[in-house]
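Peer 1: Structure incoming, see below.
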Amino acid sequence: MEIRPWRTTPFTEGRRYRVRRDFDALRDRFQEGEVLVYLNDAWSRYDEYTGYFFSVPGTTQHRVWDISDGEDLEIWRELFEELPDAGPSEP
């Protein structure tokens with residue numbers, strides 16, 4: 001994994017994100033309303049893509065959203081919304 005100094009991640013490790021609308025990604029398909037937890041990202045110099053990796057709460061499943069170096073990363077705001085912290089549970 002190589003860090004790209006020109007592109008930072010828009011996601012925060014361990015935070016929950018809801019998918020805003022159905023969309024297809026390079027290696028995955030996302031459905032509106034899904035809740036995912038951000039894990040990390042990796043960049044492929046060869047492919048010129050960054051993969052953003054998520055877990056699916058309550059499962060062992062992982063999801064990946066890939067975006068090419070030439071695409072505007074701000075599209076993430078149309079695809080995902082960050083959810084507030086769950087906070088402590090009430091008794």
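How things are named: the first chain in the structure tokens is A, the next is B, and so on; residues count from 1 in each chain; ligands count from 1 in the order shown.
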I'd like the neighbourhood of A:Phe11 as a list in words, where a residue qualifies if any of its atoms comes within 9 Å (using only C-alpha atoms), though same-chain residues fewer than 3 positions away should be ignored.

Peer 2: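 So, after excluding close chain neighbours, the residues are Thr8, Gly14, Arg15, Tyr17, Tyr38, Leu39, Asn40, Tyr52 and Glu82 of chain A.
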
Peer 1: Need to verify the contact set: A:Ser55, 6 Å, only C-alpha atoms, exclusion of same-chain residues closer than 6 positions in sequence. Can you return it as a ChimeraX atom specification?

Peer 2: /A:36-37,62

Peer 1: Pull the strand (DSSP E or B) assignments for chain A out of DSSP run on the backbone, and list those residues as a PyMOL selection string.

Peer 2: chain A and resi 16-19+23-24+29-30+35-44+49-55+62-68+80-82

Peer 1: Using only C-alpha atoms, find the one residue out of A:Asp22, A:Pro84, A:Glu34, A:Thr9 that sits nearest to A:Ile67.

Peer 2: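 The closest residue to A:Ile67 is A:Thr9.
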
Peer 1: Enter the distance from atom CA of A:Arg63 to atom CA of A:Asp47, in Å, rounded to one decimal.

Peer 2: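 Atom-to-atom, atom CA of A:Arg63 to atom CA of A:Asp47, that is 18.6 Å.
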
Peer 1: Got a sec: who's within 8 Å of A:Asp28, counting only C-alpha atoms, leaving out chain neighbours fewer than 4 positions off, as a short mmCIF file (atom, residue, chain, number, x, y, z; two decimals) with C-alpha atoms, in the first residue's frame?

Peer 2:
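Once written, selection_28.cif looks like this:
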```cif
data_model
loop_
_atom_site.label_atom_id
_atom_site.label_comp_id
_atom_site.auth_asym_id
_atom_site.auth_seq_id
_atom_site.Cartn_x
_atom_site.Cartn_y
_atom_site.Cartn_z
CA ASP A 24 -22.54 -0.03 -8.91
CA ARG A 63 -17.38 -4.09 0.81
CA VAL A 64 -15.18 -1.93 -1.40
CA TRP A 65 -15.80 1.30 -3.24
#
```

Peer 1: Compile the contact shell of A:Asp72 as a VMD selection string: residues with an atom at most 12 Å away, counting only C-alpha atoms, same-chain residues fewer than 4 positions apart removed.

Peer 2: chain A and resid 7 10 49 to 50 67 to 68 76 to 78

Peer 1: Put those residues in a file: C-alpha atoms, as a PDB file, in the first residue's frame.

Peer 2:
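Contents of the output file again.pdb:
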```
ATOM      1  CA  ARG A   7      -5.645  12.436  -2.055  1.00  0.00           C
ATOM      2  CA  PRO A  10     -13.043  11.408   3.137  1.00  0.00           C
ATOM      3  CA  TYR A  49      -7.602   3.448  -8.379  1.00  0.00           C
ATOM      4  CA  THR A  50      -8.149   3.862  -4.663  1.00  0.00           C
ATOM      5  CA  ILE A  67     -12.592   5.410  -7.487  1.00  0.00           C
ATOM      6  CA  SER A  68     -10.101   6.197 -10.228  1.00  0.00           C
ATOM      7  CA  TRP A  76     -18.580  10.360  -2.060  1.00  0.00           C
ATOM      8  CA  ARG A  77     -21.043  12.896  -0.586  1.00  0.00           C
ATOM      9  CA  GLU A  78     -23.678  11.832  -3.118  1.00  0.00           C
TER      10      GLU A  78
END
```

Peer 1: Excluding same-chain residues fewer than 2 positions from A:Val35, what lies within 8 Å of it counting only C-alpha atoms, as a PyMOL selection string?

Peer 2: chain A and resi 16-19+33+37+56-57

Peer 1: For the selection you just gave me, I'd like the residues written to a file as a CSV table (one decimal), in the first residue's frame, keeping C-alpha atoms.

Peer 2:
```csv
chain,number,residue,atom,x,y,z
A,16,ARG,CA,-20.6,4.3,10.3
A,17,TYR,CA,-21.9,5.4,6.8
A,18,ARG,CA,-25.2,4.9,5.1
A,19,VAL,CA,-25.5,4.4,1.4
A,33,GLY,CA,-30.0,2.4,3.2
A,37,VAL,CA,-18.3,0.8,8.9
A,56,VAL,CA,-21.0,-4.8,7.2
A,57,PRO,CA,-22.0,-4.7,10.9
```

Peer 1: How many Å separate atom CA of A:Arg27 from atom CA of A:Thr59?

Peer 2: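 Answer for the atom CA of A:Arg27 to atom CA of A:Thr59 separation: 18.8 Å.
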
Peer 1: Which of these, A:Phe30, A:Asp85, A:Phe54, A:Trp43, has the shortest distance to A:Asp69 once you count only C-alpha atoms?

Peer 2: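 Closest to A:Asp69 of all the choices is A:Trp43.
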
Peer 1: Write out as an MDAnalysis selection string all residues of stretch 29-89 of chain A that DSSP puts in alpha helix (DSSP H) for this structure's backbone.

Peer 2: chainID A and resid 76:79

Peer 1: Write a file of the just-selected residues containing N, CA and C atoms, as a PDB file, in the first residue's frame.

Peer 2:
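So the final result, stored in selection.pdb, reads:
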```pdb
ATOM      1  N   TRP A  76     -18.256  11.185  -3.229  1.00  0.00           N
ATOM      2  CA  TRP A  76     -18.580  10.360  -2.060  1.00  0.00           C
ATOM      3  C   TRP A  76     -19.780  10.932  -1.314  1.00  0.00           C
ATOM      4  N   ARG A  77     -19.937  12.250  -1.312  1.00  0.00           N
ATOM      5  CA  ARG A  77     -21.043  12.896  -0.586  1.00  0.00           C
ATOM      6  C   ARG A  77     -22.396  12.565  -1.190  1.00  0.00           C
ATOM      7  N   GLU A  78     -22.431  12.232  -2.467  1.00  0.00           N
ATOM      8  CA  GLU A  78     -23.678  11.832  -3.118  1.00  0.00           C
ATOM      9  C   GLU A  78     -23.977  10.358  -2.876  1.00  0.00           C
ATOM     10  N   LEU A  79     -22.953   9.588  -2.549  1.00  0.00           N
ATOM     11  CA  LEU A  79     -23.100   8.143  -2.399  1.00  0.00           C
ATOM     12  C   LEU A  79     -23.242   7.693  -0.947  1.00  0.00           C
TER      13      LEU A  79
END
```

Peer 1: By how many Å are atom CA of A:Asp66 and atom CA of A:Arg45 apart?

Peer 2: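 The value is 13.1 Å.
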